[in-house]
Every structure is written in structure tokens, then in C-alpha cells.
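> This is the structure I have questions about; it appears just below.
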Amino acid sequence: MNSRERVLAAINHREPDRVPIDLGGTRQSGIAASTYHQLKLRLGISSPTRVYDVYQMLAEVERPVMERFGADVIGLNRPAVAFGITNTDWKPWRLFDGTPVEVPGGFNPVTEANGDLALVQDGRVIARMPKDGYYFDRLEVYPGGSHTPVEEVNPPVLSDELCDHYGAAAEALYNNTDYAIIAPLGPPYELFYGLGTGGFETWMMALASEPDYVNALCAKLVDVWLENLRRFSQAVGDHVQILQFNDDFGTQDAPFLSPRMFRELIMPHYKRGLDWVHANTQMKVFLHSDGAISPLLPSLIEMGVDILDPVQTSARGMDARKLKDEFGEQLVFWGGSLDCQKTLPFGSPDEVAQEVREHVRVFAPGGGYVFASVHNIQANVPPENVIAMFDAV
Amino acid sequence: MPEAPHNLHDLYEAILTGDATRSVEITQAALDAGVDPQCLVNEHMIPAMDEAGRRFEIHDFFVPELLIAARAMKGALVLIRPLLAAQGVQPIGRVVIGTVKGDLHDIGKGLVASMLAGGGFEVVDLGVDVPASKFIEEAIKHSADIVAVSALLTTTMVGMKDVVQALRDSELRDRCRIIVGGAPITQQFADAIGADGFSSNANSAVTLARTIVASA
């Protein structure tokens with residue numbers, strides 16, 4: 001089996017020749033540039049490390065590294081991955097910890113008096129990386145967080161230029177590589193978590209007390225999403241196998257919102273978009289949501305989610321065995337490798353390998369599983385743990 | 001005591017269901033009718049928040065329901081606080097809260113701050129990316145009983161140890177406790193860095209804070 005066939009088998013619930021692996025296919029299964037750099041030193045690979053996501057400071061995972069770890073998935077991204085900065089005109093730069101990297105030419109953060117890095121657009125600081133920090137945090141306020149009137153929310157549709165890029169890039173990846181291709185294209189704002197950026201409590205209280213506002217806002221965003229999905233799907237044809245969207249419905253302990261509120265206020269809107277995807281394309285639908293979301297899984301399946309990432313097994317109610325037994329026939333698990341808040345950064349390579357083997361033993365039988373880290377591999381993870389993690393699969 | 005214009009159980013219901021307009025309206029009417037503000041707080045408002053917290057613990061309430069209850073509570077407290085202050089009544093405790101140095105995440109910290117305020121604490125929110133020294137300065141300035149520190153990242157959580165150390169090295173060491181929380185934080189981690197308490201969610205943080213001030 002080649003990589004694409006392997007992933008397609010797994011996401012269609014057939015057991016492939018081996019467990020498919022994702023390293024860097026999405027901006028949620030990637031690796032921090034500093035860890036990646038250390039990893040390459042360990043592997044004797046001396047190419048420059050490119051930061052392709054200057055928001056999360058994620059490394060572009062290169063082919064030799066993908067091959068070393070058996071990665072099977074590649075992402076189809078827009079040319080401006082983060083903050084509208086196009087990934088071109090690469091130039092040298094240094095992370096706070098001294099790691100030499102390359103960043104896009106348009107990435108020009110300002111150093112503030114206290115040593116923080118600020119990213120300024122149109123005279124406003126839109127993101128900040130604290131001194132000695134590892135990535136930026138957004139300072140923008142999104143419509144739900146600012147309680148913006150619905151008529152003032154007018155996100156743009158995908159431009160013709162961007163659609164041309166998607167079409168050409170998808171065709172090139174399809175014809176010139178064997179990788180399974182995943183493309184992120186959710187609503188202009190994540191309908192639950194993302195909409196509350198910069199004003200989470202304001203947005204949560206709107207959900208609890210202003211259903212008409214929430215419904216009108218989500219409906220408008222899904223109208224734009226549908227138009228974008230049509231344009232995207234026309235551009236890429238059958239070259240993309242997986243459509244990704246992101247949201248975050250869970251804390252460590254429980255979903256943020258009740259299953260009832262989810263079904264009333266969030267699910268109908270997502271379902272409208274996903275119904276279109278299933279009716280009009282062959283793409284499988286991939287949802288990234290961290291956290292303890294097991295009470296929402298039946299609704300997510302009904303909503304049209306085929307693949308769940310990152311399967312945070314350390315969160316309450318997300319036990320691997322339970323998930324596989326209860327939902328393994330309807331849901332593909334993508335991630336679920338090990339506890340990335342404890343074992344991966346702080347455990348020994350042996351502990352990492354042991355936990356990975358336990359989880360793979362549960363998730364892999366019968367297909368329906370793609371191995372990946374539970375969210376991006378962070379900056380403090382020892383490279384030997386990364387190697388132990390992938391080599392244990 | 002003069003007759004209150006509302007059944008005060010309605011105040012309990014208004015807070016529990018997160019109806020801020022009604023909770024303020026009933027509180028104002030009750031105060032106008034001469035009801036003792038401390039009685040309103042202790043007999044009706046805090047029990048409503050306790051019930052909201054209980055429902056949160058059993059996953060009957062979730063974050064949105066909890067936050068509108070806290071909003072309804074805080075709205076009523078705005079009317080009541082000046083009266084309590086005039087009577088010389090102290091808040092049940094003072095908390096200085098913030099996200100640790102290098103970490104800009106504020107959602108969990110914000111939830112805890114809201115719930116503590118709803119639970120009757122005086123809360124000073126220092127925001128995000130707060131250096132250890134700032135926690136201590138502000139805790140001294142506000143005579144805090146508790147310093148509450150949040151972290152979301154595995155890369156920044158280690159900085160909590162610096163706050164614990166700074167507190168132990170300061171004049172506050174005998175009269176101020178430090179509690180920690182955030183997604184990657186566990187009881188074991190809290191113990192390892194010498195924190196006085198850990199809670200895994202916004203509601204249990206209130207319980208923890210109450211236990212601490214009660215035992216002080």
C-alpha cells in the first residue's frame with residue numbers, strides 16, 4: 001500500500017498494511033520549530049528549518065523527516081498560513097531559545113520595550129509572543145467575543161486567486177506524491193470556541209441567554225462557508241481526500257457546553273455545511289477538538305463528522321478502550337497516541353513507547369485509526385521522546 | 001422588618017437561572033424595603049451560587065449556565081457591596097489572580113475569577129503574562145488571602161514554581177496561600193512545586209478558596 005491507499009483504508013474502517021501516521025499534515029498534528037530542529041540534529045539532517053506557521057511557530061516537516069517516521073499525510077494549505085503573511089521570500093531568524101530558523105519575508109514582528117514580540121497590522125497589535133515564549137497568542141476580538149451585530153459581520157468568500165492556488169497545489173500533491181491530502185476549510189470563524197476569541201465569557205453568556213443572536217450569527221457564517229466549500233470543491237475536484245474543520249468543545253473535565261445546548265445552537269449550523277460536503281464530494285470530514293467531549297460524540301457523528309482528532313485520551317471520559325468500543329464503528333480516531341501534557345514532554349522514552357503501544361493496540365484493530373500526536377508536539381519535548389513515540393507505532 | 005415586595009426565593013431563582021435583570025430588580029426592591037443586605041447575600045444569593053456550582057459538578061450546568069449565574073450574582077452584589085462596606089463587613093476573602101509569566105491564555109483564569117467574585121470574594125485580576133514579582137506586589141497591596149495562578153501550557157507551567165518561591169520569600173509567607181490551576185496542572189504538580197492548593201475547574205476553585213479562608 002502507498003500512503004494514500006493506507007490512509008484511505010483506515011478512514012474507511014478497513015485495516016491497512018500498517019497503522020497510518022500523520023506528522024505535520026495539519027496545524028494540530030505538527031511540531032514546534034525548536035523541537036523539530038533538535039530532532040533533525042539527532043537524525044543528522046542539516047537543512048534549514050522553516051517555520052510555516054508563524055502563529056504557532058510550527059516547522060514545515062520535510063520529506064526526509066516524513067520518510068524517517070513513515071508519515072502518510074500532507075496538508076493543503078493556503079499560501080498565507082498565518083496572519084495573512086504569505087509563505088515566501090524566506091529569511092533567517094532566531095527563536096527566543098536561539099534556534100536558527102527561516103521565516104517568511106513578510107514576517108516582521110516588533111520587539112517591545114519589555115522584550116515581547118508584537119505583530120502589528122494596520123497600526124494594531126494583533127498578536128504577541130511573550131519574551132522567551134514559544135508562540136504567538138491572538139489579541140484580536142472575534143464577533144462572538146465582541147458581540148458584534150450580525151449585519152456588521154461580513155467575512156469574505158475565497159478569492160479566485162486562492163481557488164486557483166488550491167486547484168494547482170492539490171493537483172500537484174495528488175500527482176507528484178503518494179500522500180493522503182487533507183485540507184482545512186471550516187466556517188470563517190469556528191462556530192463555538194473560535195467565535196469567542198478575545199471575549200470568551202461574553203460569547204458563552206450569549207449562548208446561554210441570546211439564542212436568536214447566536215443562531216443568526218452562525219447562519220450567516222455558514223452561508224459563507226457553503227459558498228467557500230462550493231468554490232473550493234470546484235477548484236480541487238477529487239484530489240483532496242479529507243476536509244478538516246476545527247473547533248474546541250471540551251475542557252479537561254467536561255464539554256464546555258451541555259449536549260442539549262450543543263444540539264440546539266451549534267450542531268444544526270455545522271450540519272448544514274457538512275451535509276453539503278457529504279452530498280457533493282467524496283471527502284471524509286475531520287474534526288479537530290481537544291478535550292473531554294465524549295458526551296457530544298453521538299451528536300458529532302450525527303452532524304457528519306467521520307474522523308475525530310486529536311482524541312485526548314487523558315481527558316475525562318476519553319479512555320481509549322471505551323471510545324473504540326462505543327464509537328469505533330462510526331468514528332475514525334486520529335491521534336490518541338499518548339498523554340501530551342505529561343508523558344510526551346516529561347516522561348522517559350520508555351514510558352512514551354509503552355503508552356503509545358498500549359493505545360495503538362486498542363485503536364488499530366479493524367482500521368479506523370491514524371496515529372498522530374495529541375495536538376502539536378510542543379517546544380519542550382525532548383527529541384528522543386519524539387523518536388520513541390513514532391518508533392513505537 | 002418591612003415587607004419585601006418580592007418573595008426573596010425569587011432572588012435565588014433569578015441568580016440560579018442567570019436572569020441578571022431580575023436579580024438586580026429584586027435586590028434593589030428588597031434593599032429599598034429595608035431588607036438586611038447581609039441576609040440577602042447569605043440566605044439567598046450565596047445559596048443560589050452554591051446550587052449552580054453543585055449542578056456544574058454533576059454536569060447539569062456547564063460553563064454558559066455557570067457564567068450567567070455569576071453575572072446575575074455580580075449585578076446584585078454591585079448594589080449590596082457599598083452597603084456592606086458601610087457596615088464594616090469584610091468580603092469573605094481577597095484573591096489576586098493571573099496567568100503565569102509567558103502565558104497569554106485567559107479563558108480558564110477568567111472563569112475562575114468570575115466564579116470567585118460570584119462566590120463573594122473580592123477579586124483582583126492581574127490579567128495574563130504576569131511576572132512572579134507582580135503577583136507578590138499586588139497581593140501585598142490588596143492584603144490578599146490567596147494568590148491564584150493559571151497556566152495553559154506545558155512550557156509555562158514550570159514558571160508557577162517561581163511564584164510559589166517569591167511568595168515564600170516575601171512578607172506574605174504566613175498569611176497568604178497560593179493556589180494553581182490550568183489544563184496541564186495536576187495535584188501532583190501542585191504538590192511538587194509547593195502550592196497550597198489545586199483545583200481542576202472554576203467551581204471547585206471557589207470551594208478550595210473558601211476552605212482556605214475558613215482555615216486561616
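Chain labels follow the order of the C-alpha cells: the first chain is A, the next B, and so on; residue numbering restarts at 1 in every chain, and ligands are counted from 1 in their shown order.
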Write out as JSON lines the residues of range 237-292 of chain A that have any atom within 10 Å of an atom of range 189-210 of chain B, one row each with the nearest atom pair and its distance in Å to one decimal, counting only C-alpha atoms, sorted by chain and then rising number.


{"residue": "A:Thr251", "atom": "CA", "partner": "B:Asn201", "partner_atom": "CA", "distance": 8.9}
{"residue": "A:Gln252", "atom": "CA", "partner": "B:Ser200", "partner_atom": "CA", "distance": 8.1}
{"residue": "A:Asp253", "atom": "CA", "partner": "B:Ser200", "partner_atom": "CA", "distance": 7.7}
{"residue": "A:Ala254", "atom": "CA", "partner": "B:Asn201", "partner_atom": "CA", "distance": 9.8}

> Would you save the residues from that selection as a compact mmCIF listing (two decimals), in the first residue's frame, using N, CA and C atoms?


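This is the output file selection_4.txt:
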# COMPACT_ATOMS: atom_id res chain seq x y z
N THR A 251 -13.26 20.97 27.89
CA THR A 251 -12.21 21.23 28.86
C THR A 251 -11.59 19.88 29.21
N GLN A 252 -10.71 19.86 30.19
CA GLN A 252 -10.12 18.58 30.62
C GLN A 252 -11.17 17.66 31.24
N ASP A 253 -12.22 18.27 31.77
CA ASP A 253 -13.19 17.55 32.61
C ASP A 253 -14.51 17.22 31.94
N ALA A 254 -14.95 18.09 31.06
CA ALA A 254 -16.31 18.00 30.53
C ALA A 254 -16.40 18.88 29.29

> For the contact check between chain A and chain B, emit one row per residue of chain A within 6 Å, containing the shortest atom pair and the distance in Å rounded to one decimal, counting only C-alpha atoms, chain then rising number order, as JSON lines.


{"residue": "A:Pro130", "atom": "CA", "partner": "B:Gly102", "partner_atom": "CA", "distance": 5.1}
{"residue": "A:Gly133", "atom": "CA", "partner": "B:Gly102", "partner_atom": "CA", "distance": 5.6}
{"residue": "A:Met204", "atom": "CA", "partner": "B:Pro64", "partner_atom": "CA", "distance": 4.8}
{"residue": "A:Met205", "atom": "CA", "partner": "B:Pro64", "partner_atom": "CA", "distance": 5.4}
{"residue": "A:Ala208", "atom": "CA", "partner": "B:Pro64", "partner_atom": "CA", "distance": 5.3}
{"residue": "A:Phe256", "atom": "CA", "partner": "B:Val63", "partner_atom": "CA", "distance": 5.5}
{"residue": "A:Leu257", "atom": "CA", "partner": "B:Phe62", "partner_atom": "CA", "distance": 5.2}
{"residue": "A:Ser258", "atom": "CA", "partner": "B:Phe62", "partner_atom": "CA", "distance": 5.8}
{"residue": "A:Gln341", "atom": "CA", "partner": "B:Pro184", "partner_atom": "CA", "distance": 5.6}

> Give me the residues near Ala170 in chain A as a ChimeraX atom specification, where near means some atom within 7 Å (using only C-alpha atoms) and where sequence neighbours in that chain fewer than 6 positions away do not count.

/A:76,236,239-240

> Any chance you could list, as a PyMOL selection string, the residues in range 3-79 of chain B that come up alpha helix (DSSP H) when DSSP is run on the backbone?

chain B and resi 9-16+20-32+37-39+46-57+63-79

> Would you mind exporting C-alpha atoms of the selected residues as a compact mmCIF listing (two decimals), in the first residue's frame?


# COMPACT_ATOMS: atom_id res chain seq x y z
CA HIS B 9 -36.83 32.99 46.93
CA ASP B 10 -37.27 34.71 43.54
CA LEU B 11 -33.81 36.22 44.03
CA TYR B 12 -32.39 32.74 44.48
CA GLU B 13 -34.19 31.61 41.32
CA ALA B 14 -33.11 34.67 39.33
CA ILE B 15 -29.44 34.05 40.14
CA LEU B 16 -29.65 30.31 39.61
CA ALA B 20 -29.41 39.36 35.76
CA THR B 21 -32.13 41.91 35.09
CA ARG B 22 -34.45 40.27 37.54
CA SER B 23 -31.81 39.64 40.17
CA VAL B 24 -30.85 43.34 40.20
CA GLU B 25 -34.50 44.38 40.24
CA ILE B 26 -35.39 42.15 43.18
CA THR B 27 -32.26 43.14 45.10
CA GLN B 28 -32.99 46.86 44.65
CA ALA B 29 -36.59 46.43 45.73
CA ALA B 30 -35.56 44.39 48.77
CA LEU B 31 -32.97 46.96 49.81
CA ASP B 32 -35.49 49.74 49.31
CA PRO B 37 -28.10 43.24 52.76
CA GLN B 38 -26.12 40.57 54.59
CA CYS B 39 -29.25 38.47 54.86
CA ILE B 46 -24.73 32.52 48.01
CA PRO B 47 -27.07 29.52 48.25
CA ALA B 48 -28.05 30.16 44.61
CA MET B 49 -24.41 30.18 43.50
CA ASP B 50 -23.76 27.08 45.61
CA GLU B 51 -26.60 25.32 43.81
CA ALA B 52 -25.26 26.49 40.42
CA GLY B 53 -21.88 25.07 41.43
CA ARG B 54 -23.44 21.81 42.57
CA ARG B 55 -25.21 21.46 39.22
CA PHE B 56 -21.93 22.21 37.43
CA GLU B 57 -20.18 19.44 39.37
CA VAL B 63 -19.82 26.92 31.51
CA PRO B 64 -22.51 29.13 29.89
CA GLU B 65 -25.10 28.48 32.64
CA LEU B 66 -22.48 29.00 35.33
CA LEU B 67 -21.35 32.30 33.84
CA ILE B 68 -24.82 33.79 33.57
CA ALA B 69 -25.48 32.80 37.19
CA ALA B 70 -22.26 34.57 38.19
CA ARG B 71 -23.30 37.61 36.12
CA ALA B 72 -26.66 37.76 37.90
CA MET B 73 -24.89 37.43 41.24
CA LYS B 74 -22.34 40.14 40.46
CA GLY B 75 -25.08 42.52 39.28
CA ALA B 76 -26.79 42.20 42.64
CA LEU B 77 -23.50 42.49 44.54
CA VAL B 78 -22.82 45.86 42.90
CA LEU B 79 -25.84 47.19 44.80

> Any idea what's packed within 10 Å of Pro255 in chain A, counting only C-alpha atoms, ignoring anything in its chain fewer than 6 positions away? Could you give it as a list in words?

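The contact residues come out as Asp248, Phe249, Phe262, Asp290, Gly291, Ala292, Ile293, Ser294, Pro295, Leu296 and Arg316 of chain A; His59, Phe62 and Val63 of chain B.
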
> If you count only C-alpha atoms, which residues fall within 10 Å of Glu122 in chain B, apart from same-chain ones fewer than 2 positions away, as a short mmCIF file (atom, residue, chain, number, x, y, z; two decimals) with N, CA and C atoms, in the first residue's frame?


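This is the output file part-v9.cif:
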data_model
loop_
_atom_site.label_atom_id
_atom_site.label_comp_id
_atom_site.auth_asym_id
_atom_site.auth_seq_id
_atom_site.Cartn_x
_atom_site.Cartn_y
_atom_site.Cartn_z
N GLN B 90 -16.51 42.76 56.00
CA GLN B 90 -15.42 42.42 55.08
C GLN B 90 -15.89 41.35 54.08
N PRO B 91 -15.30 41.35 52.86
CA PRO B 91 -15.59 40.22 51.96
C PRO B 91 -15.07 38.92 52.58
N ILE B 92 -15.55 37.79 52.11
CA ILE B 92 -15.11 36.55 52.76
C ILE B 92 -13.63 36.26 52.50
N GLY B 93 -13.09 36.93 51.49
CA GLY B 93 -11.66 36.78 51.24
C GLY B 93 -11.25 37.63 50.06
N ARG B 94 -9.95 37.88 49.96
CA ARG B 94 -9.44 38.66 48.83
C ARG B 94 -8.48 37.79 48.03
N VAL B 95 -8.69 37.79 46.71
CA VAL B 95 -7.87 36.93 45.84
C VAL B 95 -7.22 37.78 44.76
N VAL B 96 -5.93 37.59 44.59
CA VAL B 96 -5.21 38.17 43.46
C VAL B 96 -4.98 37.04 42.47
N ALA B 113 -11.99 33.64 38.02
CA ALA B 113 -12.18 34.97 38.60
C ALA B 113 -13.68 35.29 38.73
N LEU B 116 -15.20 33.20 41.55
CA LEU B 116 -14.79 33.68 42.88
C LEU B 116 -15.54 34.95 43.24
N ALA B 117 -15.68 35.84 42.26
CA ALA B 117 -16.43 37.08 42.52
C ALA B 117 -17.88 36.74 42.83
N GLY B 118 -18.43 35.79 42.06
CA GLY B 118 -19.80 35.36 42.31
C GLY B 118 -19.93 34.68 43.67
N GLY B 119 -18.85 34.11 44.14
CA GLY B 119 -18.87 33.41 45.42
C GLY B 119 -18.62 34.34 46.60
N GLY B 120 -18.53 35.66 46.33
CA GLY B 120 -18.41 36.62 47.41
C GLY B 120 -16.99 37.08 47.71
N VAL B 124 -8.96 40.59 42.46
CA VAL B 124 -8.13 41.50 41.67
C VAL B 124 -7.52 40.67 40.54
N ASP B 125 -7.94 40.97 39.31
CA ASP B 125 -7.48 40.18 38.16
C ASP B 125 -6.31 40.90 37.49
N HIS B 142 -3.12 44.58 48.13
CA HIS B 142 -4.55 44.34 48.36
C HIS B 142 -4.81 43.46 49.58
N ALA B 144 -4.09 40.40 50.12
CA ALA B 144 -4.75 39.20 49.60
C ALA B 144 -4.60 38.03 50.58
#

> Between A:Met389, A:Leu117, A:Leu162, A:Met261, which residue has the minimum interatomic distance to Gly347 in chain A, considering only C-alpha atoms?

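Of A:Met389, A:Leu117, A:Leu162, A:Met261, the one nearest Gly347 in chain A is A:Met389, counting only C-alpha atoms.
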
> Can you list, as a PDB file with N, CA and C atoms, in the first residue's frame, every protein, DNA or RNA residue that comes within 6 Å of Cys163 in chain A when you count only C-alpha atoms, leaving out same-chain residues fewer than 3 positions away?


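The resulting file, out_30.pdb, is shown below:
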ATOM      1  N   ASP A 160     -10.817  34.181  -6.235  1.00  0.00           N
ATOM      2  CA  ASP A 160     -10.494  33.349  -7.402  1.00  0.00           C
ATOM      3  C   ASP A 160      -9.020  32.943  -7.353  1.00  0.00           C
ATOM      4  N   TYR A 166      -5.420  26.621  -4.715  1.00  0.00           N
ATOM      5  CA  TYR A 166      -5.865  25.330  -4.178  1.00  0.00           C
ATOM      6  C   TYR A 166      -5.917  24.278  -5.290  1.00  0.00           C
ATOM      7  N   ALA A 235     -12.608  23.809  -7.341  1.00  0.00           N
ATOM      8  CA  ALA A 235     -11.194  24.028  -7.668  1.00  0.00           C
ATOM      9  C   ALA A 235     -10.370  22.757  -7.538  1.00  0.00           C
TER      10      ALA A 235
END

> Between CA of Glu358 in chain A and CA of Ser314 in chain A, what is the distance in Å, rounded to a tenth?

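Going from CA of Glu358 in chain A over to CA of Ser314 in chain A, I get 13.4 Å.
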
> So the first atom is CA of Val163 in chain B and the second is CA of Phe121 in chain B; what is the distance between them in Å, to one decimal place?

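We find that CA of Val163 in chain B and CA of Phe121 in chain B lie 21.3 Å from each other.
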
> Residues within 9 Å of Gly24 in chain A, please, as a PyMOL selection string. Count only C-alpha atoms; anything in the same chain fewer than 3 positions from it doesn't count.

chain A and resi 27-31+58-61+66+71+73-75+372+376

> Would you please give, as a PDB file with C-alpha atoms, in the first residue's frame, all residues of range 11-137 of chain B that DSSP assigns to strand (DSSP E or B) based on the backbone?


ATOM      1  CA  ARG B  94      -9.435  38.658  48.834  1.00  0.00           C
ATOM      2  CA  VAL B  95      -7.872  36.933  45.838  1.00  0.00           C
ATOM      3  CA  VAL B  96      -5.214  38.171  43.464  1.00  0.00           C
ATOM      4  CA  ILE B  97      -5.400  36.136  40.258  1.00  0.00           C
ATOM      5  CA  GLY B  98      -3.464  35.986  36.986  1.00  0.00           C
ATOM      6  CA  THR B  99      -1.914  33.832  34.275  1.00  0.00           C
ATOM      7  CA  VAL B 100       1.725  32.960  34.765  1.00  0.00           C
ATOM      8  CA  GLU B 122     -13.026  40.369  46.296  1.00  0.00           C
ATOM      9  CA  VAL B 123     -11.027  39.556  43.166  1.00  0.00           C
ATOM     10  CA  VAL B 124      -8.129  41.496  41.671  1.00  0.00           C
ATOM     11  CA  ASP B 125      -7.477  40.183  38.156  1.00  0.00           C
ATOM     12  CA  VAL B 130       2.166  38.158  34.981  1.00  0.00           C
TER      13      VAL B 130
END

> Find the residue from A:Thr35, A:Thr148, A:Ser337, A:Asn108 that sits nearest to Pro382 in chain A; use only C-alpha atoms when measuring.

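The shortest atom-to-atom distance to Pro382 in chain A comes from A:Thr35.
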